[in-house]
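Asks: The structure's right below; bear with me while I get my questions together.
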Amino acid sequence: MERKNPSSTSTAPELRKRKDPPPGPNSSKKNQSSDSRPPGRVFKRVKFQDARNIRTQLSDVALEDGKLDLQKFLNAREFEIKALETSMRKCKAANATRAFQQVPRAMRRRTASHNVKRIPKRLRDKAKREQVEDNTPTVDARKRRPRTTRARIRAETAKRLNILAAKKKRKQLQKASADDAAAVSGEIKNKLISGVQTRQARPKIRRNTLNDPPKPKTKFRKRQVNKTWLPTHLWHAKRATMTEPGKPLWRFAIPLTPTEKCYRPTHRASGQKGVVVWDMSYMSTIGLYGTEEGVERVLKALGLTQQSIWGNRGRSWRAGTRSWTGVLSKPKGESRRNIGPATIIWNPEVPMEDVDTEQPASPKKSQRQLFIHVHPSCFLELFNELLKLVKMQAPQPHVEDLRFEIGSIRLTGPGSTETLLGVLQPYYDSVGTEECHGRIFKSLVGVTNPASLPKDALLSFSARDPRLLYPPRPINPTNGIAESDLLKIMTEWPVERGLGPSGLFSRDARFRASQLPPQKTINRRKGLDTPEKALEVITAVDPPIPVVLLASRPATDGQAQGTWTLLAPWKCILPIWHSLMRYPLSTGGNPRFGGLDELRQVAYEHGAPWFPGDFPGTDAGWNWEIEQRVKRNRDWDRRPKSKRVEWKSLDRGAGRKGEVGDGLSCDFEHLFGLPKGDDSSKSTAPVEAEAGPQRQNPASVEKGQDSSALASTMSVIPQITKAAFHTFLASSNLDKPPTHSIITVQLTFITRGVASSCARIYRLPTRPAGAVLPSTQTEVPVTMPPSVRGLLPDELRDQWLRQLPVKSAHANVISQRGKRLSHAPRMPPGAGIQTRKALLAKSLTETELPSTVERPCHGPATNQLDVDGYPLCPDEGDLIGFVTTGAFSMSKGKGTAIGSISAGKALETFRATGAREGTLCIVRNAGERVGWLARWEAV
């Protein structure tokens, strides 16, 4: 058979991959014949080809009779360099990049299919022209023919169902319009007869009981049977990975992470340039109302017993100009058990300048209001505890569930203050009627870090509808006050002048703010006004939006960026969110949004524990740990046997086999010797906080769960705070913490190492009695390999201490001796050759000490057989805790982690060895043999 030439022009048109390009405007029919038509890939734009062609000269030009002519050679190279520069200029001028190469970084993956509708509007015309010139094949999904019979039947069925649904909808609209007309006519008739003006009913807020979530629209009602959408759910659902529909988190549909790769951009935006924004409306708010004395007793029962917050130092907090952030607790037997972190703010009652501090006006009878802002995982526990406490008071305060009344947004980064200033405009009727806090907020132009403001600063004022100025304009720095005046305001912080009650605490103010005009009305008003001009506030139509701004600073890293928390009515979060995402930053770009993963990332980079994942000593933290055990177990089961760790056969050296405890969990039950439930690693978490009386928990309970055993284990592992741990440490009576108590710590690796979740934390092994210290021994004894003896070496602690750099272990000694021995000693006059040799040899041997600053100090040799020269990890008796969050920290440039350790063992080790060796620990990842030296610090 004769082979066909694939490059032949006689190839059938239907066998070619791409069709021929369309004819040009000046081409004739004669030139459009199939024989003379060029193929599609050759049909390129001439100016781009000319720009990419770089002219060169042959090397034979520089040769004359076989000899190199230097001048001709230089001229040839000069010609080629100029041709290269000319080509570079032409390429830049010709704009050789395609439209799909000019889209933002976040859209490049979306435009990989060369769909013109997926790129920005400004590039669509260019993309269409390029597709026509290059003959790029495109596919319209709506016009694509079904390839199989099953797909064709499904498409036809869907088409018929859409027709039936449209008919049904038309009938419903006709009936609804008739009913509405009859209702409106009847309402007008009643008004004319009675002359009574009615208002829209406010949503009911029951006291001392859980309230129902907002009733969703009929279109989305079935999707929210077992969960509640955030105000920005539809915006996030298109741009982020959400929780699974059947597995909500804390009874909310929460965005987990953006669909684009954003780990490094989030790190830069949160600390270097930009801003990261989160919709935190799933955070729960509880209202507490009653007499000041009764409210004070309730708060003291929740653990607020510090004298500083009830004395003169806490006067600003009780007046409503500061916020309090801390850990709430409840009594549990003879000790207390932590509930979780919370933020408490008071509603200012009267201006502080009008209060007589010497003779207060009967604080027992004055009614006060406050908000408790907590995490949804511990909301139900705190709400039930509050119900118990308020029933013990006389007169009895009352509690309100305000979860769906108040939403929140969190911002962090250098551009957070600028973004808020560009979106939130204080509301006032005329000049001179501005609120005090609104004026202070507008004067914060130039603040790049909320942590520079006074600690726990609070601003409460009314803002305008951000849709009146949409899209938002960048703020002008020249409109702000002088730098000296800004420093004066930040130093004095005059927020107590003209202070009045906050509108966010008023139920009527929140309801009026929720009655914002529809977007159609805003668009109609913009069409009647001048383009690009802000709409004026109409008092009867545009209600003020009460907001509260909380500025906080990280408790662990003093140089890190602070955080703004914006509290506003639930239905006002969406218009504020749209303006925040469109604000043009002065540093370029727009604010980035984050999900739950980015929230954990920012907390980890700041060295702060994230609730509830890093608080296993609380009920919410333990529930999170049980959920993570289920997830890790399922992932481990899906892997093939060759790709997963066999925990029973893990060789830990010295004849030890098997992982310590469960390798897929932070096994505190094994640490404290507590009983486990039946197959607790495969159990699901206990029931979450209910979102309303009519809703049930959708999470299915797997087989083999022993809820009673899990609950008992959960209740006997309390978590103490950093302040409580230091109190035990400074106690002269050697007091001990509660039994099985744990404390959250931050781990920093000294040399190398990166920890992951469920890593094991060991303390340094204790020296056996009668062991020879490294300072007194003359030579390292030769011992048998531990794998042969089946025992750990006696000098294992010294092997681990040998990993410490000398600079950090003996800095004082080296600094003193290094200065003295940095120069060779001066030779005495008239010294002989033997004396000179002796002094030189002495100086050489002694001046070697400063050069070994970064090398480990001398000590016993490490094991060379079991773990390739690394010291062996201690045994189970020295296990003190587990890592809950671990990775490589970009802010510190080394491995760090957040974990929980036994408070009793940590206190015992600290008292026995001191601060230098008491905070040293060994971290080993689950399923690995090598451990790494680290240092822990309570947070």
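We name chains A, B, ... following the order of the structure tokens; residues begin at 1 in each chain, and ligands are numbered from 1 as shown.
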As a PyMOL selection string, please: the residues near Leu920 (chain A) (cut-off 10 Å, only C-alpha atoms, same-chain neighbours under 5 positions excluded).
Replies: chain A and resi 747-750+762-764+800-801+804+909-910+915+933-937
Asks: Could you save the residues just selected, with C-alpha atoms, as a tab-separated table (two decimals), in the first residue's frame?
Replies:
```
chain	number	residue	atom	x	y	z
A	747	LEU	CA	6.29	25.47	69.97
A	748	THR	CA	9.32	26.92	68.18
A	749	PHE	CA	11.88	24.54	66.69
A	750	ILE	CA	15.42	25.41	67.68
A	762	TYR	CA	7.95	14.74	74.84
A	763	ARG	CA	9.88	16.37	77.64
A	764	LEU	CA	13.61	15.78	77.94
A	800	TRP	CA	19.45	15.93	73.20
A	801	LEU	CA	21.13	18.81	75.05
A	804	LEU	CA	21.48	23.04	71.44
A	909	THR	CA	9.62	19.61	84.88
A	910	PHE	CA	9.85	23.39	85.12
A	915	ALA	CA	13.48	27.75	82.92
A	933	LEU	CA	14.25	19.75	69.57
A	934	ALA	CA	11.87	22.66	70.29
A	935	ARG	CA	11.00	25.11	73.04
A	936	TRP	CA	7.47	25.68	74.32
A	937	GLU	CA	5.87	28.83	75.67
```
Asks: Mind the document's chain letters and residue numbers, and return as a ChimeraX atom specification the residues of region 182-412 of chain A that DSSP labels helix (DSSP H, G or I).
Replies: /A:182-194,218-220,222-224,233-237,263-271,292-301,307-310,315-319,352-354,376-390
Asks: Store the residues of this selection in a file with C-alpha atoms, as a short mmCIF file (atom, residue, chain, number, x, y, z; two decimals), in the first residue's frame.
Replies:
```cif
data_model
loop_
_atom_site.label_atom_id
_atom_site.label_comp_id
_atom_site.auth_asym_id
_atom_site.auth_seq_id
_atom_site.Cartn_x
_atom_site.Cartn_y
_atom_site.Cartn_z
CA ALA A 182 -57.73 42.85 46.74
CA ALA A 183 -55.65 43.11 49.89
CA VAL A 184 -54.36 46.56 48.99
CA SER A 185 -57.85 47.84 48.22
CA GLY A 186 -59.13 46.43 51.52
CA GLU A 187 -56.23 47.95 53.43
CA ILE A 188 -56.79 51.37 51.86
CA LYS A 189 -60.48 51.15 52.65
CA ASN A 190 -59.76 50.30 56.29
CA LYS A 191 -57.29 53.17 56.58
CA LEU A 192 -59.82 55.62 55.18
CA ILE A 193 -62.43 54.38 57.61
CA SER A 194 -60.32 54.14 60.76
CA THR A 218 -39.33 30.44 49.03
CA LYS A 219 -36.81 29.79 46.27
CA PHE A 220 -34.06 28.84 48.75
CA LYS A 222 -35.53 23.81 50.95
CA ARG A 223 -31.78 24.35 50.89
CA GLN A 224 -31.79 25.82 54.41
CA HIS A 233 -23.80 33.19 50.94
CA LEU A 234 -24.64 33.69 47.25
CA TRP A 235 -21.55 35.88 46.81
CA HIS A 236 -19.26 33.31 48.45
CA ALA A 237 -20.83 30.28 46.76
CA TYR A 263 -1.93 30.95 50.89
CA ARG A 264 0.96 33.29 50.12
CA PRO A 265 -1.22 36.20 48.90
CA THR A 266 -3.21 35.96 52.13
CA HIS A 267 -0.02 36.05 54.19
CA ARG A 268 1.19 39.16 52.34
CA ALA A 269 -2.17 40.92 52.47
CA SER A 270 -2.56 40.31 56.20
CA GLY A 271 0.84 41.65 57.17
CA GLU A 292 -26.06 46.76 87.03
CA GLU A 293 -25.58 44.81 90.25
CA GLY A 294 -27.31 41.71 88.88
CA VAL A 295 -25.38 41.78 85.62
CA GLU A 296 -22.12 42.18 87.56
CA ARG A 297 -22.88 39.07 89.65
CA VAL A 298 -23.63 37.07 86.50
CA LEU A 299 -20.36 38.09 84.89
CA LYS A 300 -18.37 37.26 88.01
CA ALA A 301 -19.96 33.81 88.00
CA GLN A 307 -10.25 43.27 90.40
CA SER A 308 -8.85 45.40 87.58
CA ILE A 309 -12.00 45.24 85.44
CA TRP A 310 -14.32 46.10 88.36
CA ARG A 315 -14.42 52.12 84.37
CA SER A 316 -14.00 52.76 80.62
CA TRP A 317 -15.15 49.22 79.86
CA ARG A 318 -18.28 49.52 81.99
CA ALA A 319 -18.98 52.90 80.42
CA MET A 352 -19.65 60.13 81.45
CA GLU A 353 -18.99 63.84 81.80
CA ASP A 354 -22.49 64.23 83.31
CA PRO A 376 -20.98 29.33 67.63
CA SER A 377 -19.38 26.09 68.81
CA CYS A 378 -19.74 27.15 72.46
CA PHE A 379 -22.89 29.25 72.10
CA LEU A 380 -25.36 26.68 73.43
CA GLU A 381 -23.15 25.85 76.42
CA LEU A 382 -22.82 29.53 77.36
CA PHE A 383 -26.53 30.24 76.76
CA ASN A 384 -27.60 27.43 79.07
CA GLU A 385 -25.14 28.58 81.72
CA LEU A 386 -26.51 32.12 81.51
CA LEU A 387 -30.06 30.83 81.97
CA LYS A 388 -28.99 29.12 85.19
CA LEU A 389 -27.24 32.21 86.49
CA VAL A 390 -29.99 34.75 85.74
#
```
Asks: So which residues of region 445-479 of chain A fall under strand (DSSP E or B) by DSSP, listed as an MDAnalysis selection string?
Replies: chainID A and resid 457:463
Asks: Identify, on the basis of only C-alpha atoms, every residue whose closest approach to Glu244 (chain A) does not exceed 12 Å; exclude the query and any residue fewer than 5 positions from it along the same chain; express the result as a PyMOL selection string.
Replies: chain A and resi 223+226-227+237+249+251-256+698-699
Asks: Keeping only N, CA and C atoms, write the selected residues as a compact mmCIF listing (two decimals), in the first residue's frame.
Replies:
```txt
# COMPACT_ATOMS: atom_id res chain seq x y z
N ARG A 223 -33.23 24.52 50.73
CA ARG A 223 -31.78 24.35 50.89
C ARG A 223 -31.31 24.74 52.29
N ASN A 226 -31.72 22.40 57.23
CA ASN A 226 -30.84 21.96 58.31
C ASN A 226 -29.69 22.91 58.57
N LYS A 227 -29.70 24.06 57.97
CA LYS A 227 -28.61 25.02 58.16
C LYS A 227 -29.12 26.41 57.83
N ALA A 237 -20.63 31.57 47.42
CA ALA A 237 -20.83 30.28 46.76
C ALA A 237 -20.23 30.27 45.35
N LEU A 249 -21.35 23.30 59.13
CA LEU A 249 -20.43 23.51 60.25
C LEU A 249 -21.05 24.49 61.22
N ARG A 251 -23.96 24.54 62.19
CA ARG A 251 -25.30 24.81 61.67
C ARG A 251 -25.34 25.98 60.71
N PHE A 252 -24.20 26.29 60.09
CA PHE A 252 -24.12 27.35 59.09
C PHE A 252 -23.42 26.80 57.85
N ALA A 253 -23.76 27.37 56.70
CA ALA A 253 -23.01 27.13 55.46
C ALA A 253 -21.88 28.14 55.43
N ILE A 254 -20.66 27.68 55.69
CA ILE A 254 -19.51 28.56 55.90
C ILE A 254 -18.53 28.39 54.76
N PRO A 255 -17.99 29.47 54.19
CA PRO A 255 -16.93 29.34 53.18
C PRO A 255 -15.65 28.84 53.83
N LEU A 256 -15.05 27.82 53.22
CA LEU A 256 -13.84 27.22 53.78
C LEU A 256 -12.59 27.90 53.25
N PRO A 698 -28.62 17.52 61.53
CA PRO A 698 -28.61 16.62 60.39
C PRO A 698 -27.49 15.61 60.41
N ALA A 699 -26.51 15.78 61.30
CA ALA A 699 -25.37 14.88 61.32
C ALA A 699 -25.80 13.48 61.75
```
Asks: In Å, how far is it from CA of Thr243 (chain A) to CA of Thr257 (chain A)?
Replies: 9.7 Å
Asks: Between A:Phe404, A:Phe611, A:Pro466, A:Ser731, which residue has the minimum interatomic distance to Asn623 (chain A), considering only C-alpha atoms?
Replies: A:Phe611
Asks: Pick out the residues sitting within 8 Å of His740 (chain A), and hand them over as a compact mmCIF listing (two decimals) with C-alpha atoms, in the first residue's frame; count only C-alpha atoms, and ignore anything fewer than 3 positions along from it in its own chain.
Replies:
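Written out: out-v3.txt:
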```
# COMPACT_ATOMS: atom_id res chain seq x y z
CA PHE A 672 -3.74 10.46 81.11
CA VAL A 716 -12.24 15.27 83.09
CA ILE A 717 -9.70 17.12 80.89
CA PRO A 718 -9.90 20.80 81.91
CA SER A 902 -0.11 18.34 80.45
CA ALA A 903 -0.01 21.21 82.93
CA GLY A 904 1.05 18.91 85.76
```
Asks: How many Å lie between CA of Ser462 (chain A) and CA of Leu574 (chain A), rounded to one decimal?
Replies: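 Rounded to one decimal, the two atoms are 16.7 Å apart.
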Asks: For Ala551 (chain A), which residue out of A:Asp456, A:Asp662, A:Asp794, A:Asp735 is the nearest one, using only C-alpha atoms?
Replies: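 Checking each candidate against Ala551 (chain A), we get A:Asp456 as the closest.
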Asks: Counting only C-alpha atoms, what is within 10 Å of Ala99 (chain A), bar same-chain residues fewer than 6 positions away, as number ranges by chain?
Replies: A: 111, 114, 116, 119-120, 122-131
Asks: Would you mind exporting C-alpha atoms of the selected residues as a PDB file, in the first residue's frame?
Replies:
```pdb
ATOM      1  CA  THR A 111     -10.097  31.189  31.014  1.00  0.00           C
ATOM      2  CA  HIS A 114     -10.811  29.968  25.806  1.00  0.00           C
ATOM      3  CA  VAL A 116     -14.818  34.604  25.675  1.00  0.00           C
ATOM      4  CA  ILE A 119     -12.870  37.006  30.653  1.00  0.00           C
ATOM      5  CA  PRO A 120     -13.425  40.691  31.578  1.00  0.00           C
ATOM      6  CA  ARG A 122     -12.685  45.069  28.334  1.00  0.00           C
ATOM      7  CA  LEU A 123     -10.887  42.124  26.680  1.00  0.00           C
ATOM      8  CA  ARG A 124     -13.810  40.318  25.029  1.00  0.00           C
ATOM      9  CA  ASP A 125     -13.655  42.158  21.691  1.00  0.00           C
ATOM     10  CA  LYS A 126      -9.949  41.478  21.370  1.00  0.00           C
ATOM     11  CA  ALA A 127     -10.420  37.826  22.305  1.00  0.00           C
ATOM     12  CA  LYS A 128     -13.162  37.380  19.693  1.00  0.00           C
ATOM     13  CA  ARG A 129     -10.945  38.927  16.994  1.00  0.00           C
ATOM     14  CA  GLU A 130      -8.032  36.669  17.943  1.00  0.00           C
ATOM     15  CA  GLN A 131     -10.225  33.573  17.867  1.00  0.00           C
TER      16      GLN A 131
END
```
Asks: Do you know which residues are at most 8 Å from Arg207 (chain A) counting only C-alpha atoms, after dropping those on the same chain fewer than 2 positions away, and could you put them as a tab-separated table (two decimals) with N, CA and C atoms, in the first residue's frame?
Replies:
```
chain	number	residue	atom	x	y	z
A	205	ILE	N	-38.36	38.59	69.28
A	205	ILE	CA	-37.17	38.12	69.99
A	205	ILE	C	-37.62	37.67	71.37
A	209	THR	N	-34.87	32.20	75.80
A	209	THR	CA	-35.08	31.03	74.96
A	209	THR	C	-34.43	31.27	73.61
A	398	HIS	N	-32.59	39.21	82.16
A	398	HIS	CA	-33.06	38.32	81.10
A	398	HIS	C	-32.02	38.27	79.99
A	399	VAL	N	-32.09	37.18	79.23
A	399	VAL	CA	-31.11	36.90	78.17
A	399	VAL	C	-31.86	36.83	76.85
A	400	GLU	N	-31.23	37.32	75.78
A	400	GLU	CA	-31.82	37.28	74.45
A	400	GLU	C	-30.83	36.66	73.47
A	401	ASP	N	-31.37	35.84	72.58
A	401	ASP	CA	-30.59	35.21	71.51
A	401	ASP	C	-30.60	36.15	70.31
```
Asks: Excluding Asp279 (chain A) and any residue of its chain fewer than 5 positions from it, enumerate the residues within 9 Å of it, using only C-alpha atoms, and give them as number ranges by chain.
Replies: A: 230-232, 255, 407-410, 573, 577, 593-595
Asks: Next, dump the selected residues to file, keeping only N, CA and C atoms, as a PDB file, in the first residue's frame.
Replies:
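Dumped everything to selection29.pdb:
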```pdb
ATOM      1  N   LEU A 230     -25.277  32.456  55.452  1.00  0.00           N
ATOM      2  CA  LEU A 230     -24.779  33.760  55.860  1.00  0.00           C
ATOM      3  C   LEU A 230     -25.375  34.830  54.943  1.00  0.00           C
ATOM      4  N   PRO A 231     -25.371  36.090  55.346  1.00  0.00           N
ATOM      5  CA  PRO A 231     -25.906  37.143  54.463  1.00  0.00           C
ATOM      6  C   PRO A 231     -25.210  37.201  53.108  1.00  0.00           C
ATOM      7  N   THR A 232     -23.941  36.784  53.037  1.00  0.00           N
ATOM      8  CA  THR A 232     -23.170  36.846  51.788  1.00  0.00           C
ATOM      9  C   THR A 232     -23.015  35.467  51.162  1.00  0.00           C
ATOM     10  N   PRO A 255     -17.995  29.470  54.194  1.00  0.00           N
ATOM     11  CA  PRO A 255     -16.926  29.342  53.183  1.00  0.00           C
ATOM     12  C   PRO A 255     -15.648  28.836  53.828  1.00  0.00           C
ATOM     13  N   GLY A 407     -24.874  40.786  62.668  1.00  0.00           N
ATOM     14  CA  GLY A 407     -23.805  40.147  61.916  1.00  0.00           C
ATOM     15  C   GLY A 407     -22.484  40.853  62.153  1.00  0.00           C
ATOM     16  N   SER A 408     -21.421  40.270  61.646  1.00  0.00           N
ATOM     17  CA  SER A 408     -20.090  40.849  61.879  1.00  0.00           C
ATOM     18  C   SER A 408     -19.190  40.578  60.689  1.00  0.00           C
ATOM     19  N   ILE A 409     -18.226  41.473  60.493  1.00  0.00           N
ATOM     20  CA  ILE A 409     -17.196  41.373  59.455  1.00  0.00           C
ATOM     21  C   ILE A 409     -15.858  41.650  60.114  1.00  0.00           C
ATOM     22  N   ARG A 410     -14.856  40.868  59.764  1.00  0.00           N
ATOM     23  CA  ARG A 410     -13.517  41.037  60.341  1.00  0.00           C
ATOM     24  C   ARG A 410     -12.546  41.443  59.249  1.00  0.00           C
ATOM     25  N   ILE A 573     -25.364  43.564  56.395  1.00  0.00           N
ATOM     26  CA  ILE A 573     -24.026  43.040  56.137  1.00  0.00           C
ATOM     27  C   ILE A 573     -23.762  42.936  54.643  1.00  0.00           C
ATOM     28  N   TRP A 577     -20.702  44.492  52.567  1.00  0.00           N
ATOM     29  CA  TRP A 577     -19.735  43.539  52.009  1.00  0.00           C
ATOM     30  C   TRP A 577     -19.421  43.857  50.548  1.00  0.00           C
ATOM     31  N   PHE A 593     -10.774  38.280  50.176  1.00  0.00           N
ATOM     32  CA  PHE A 593     -11.648  37.650  51.147  1.00  0.00           C
ATOM     33  C   PHE A 593     -11.048  36.316  51.565  1.00  0.00           C
ATOM     34  N   GLY A 594     -11.390  35.899  52.743  1.00  0.00           N
ATOM     35  CA  GLY A 594     -10.854  34.655  53.279  1.00  0.00           C
ATOM     36  C   GLY A 594     -11.954  33.757  53.797  1.00  0.00           C
ATOM     37  N   GLY A 595     -11.602  32.519  53.970  1.00  0.00           N
ATOM     38  CA  GLY A 595     -12.510  31.536  54.534  1.00  0.00           C
ATOM     39  C   GLY A 595     -12.004  31.046  55.876  1.00  0.00           C
TER      40      GLY A 595
END
```
Asks: May I ask which of the residues A:Thr766, A:Leu671, A:Ala906, A:Gly320 is the closest one to Leu879 (chain A), counting only C-alpha atoms?
Replies: A:Leu671
Asks: CA of Gly415 (chain A) to CA of Thr448 (chain A): how many Å, to one decimal?
Replies: 6.2 Å
Asks: Taking only C-alpha atoms into account, which of A:Ile406, A:Val541, A:Ala534, A:Leu161 comes nearest Ala568 (chain A)?
Replies: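 Closest residue, counting only C-alpha atoms: A:Ile406.
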Asks: When distances are computed from only C-alpha atoms, which of A:Ala838, A:Leu729, A:Leu535, A:Ile522 shows the smallest separation from Gly918 (chain A)?
Replies: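 Answer, going by the shortest atom-to-atom distance: A:Leu729.
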Asks: Using only C-alpha atoms for the distances, tell me which of A:Met581, A:Ile54, A:Ile481, A:Leu164 is nearest to Cys91 (chain A).
Replies: A:Ile54
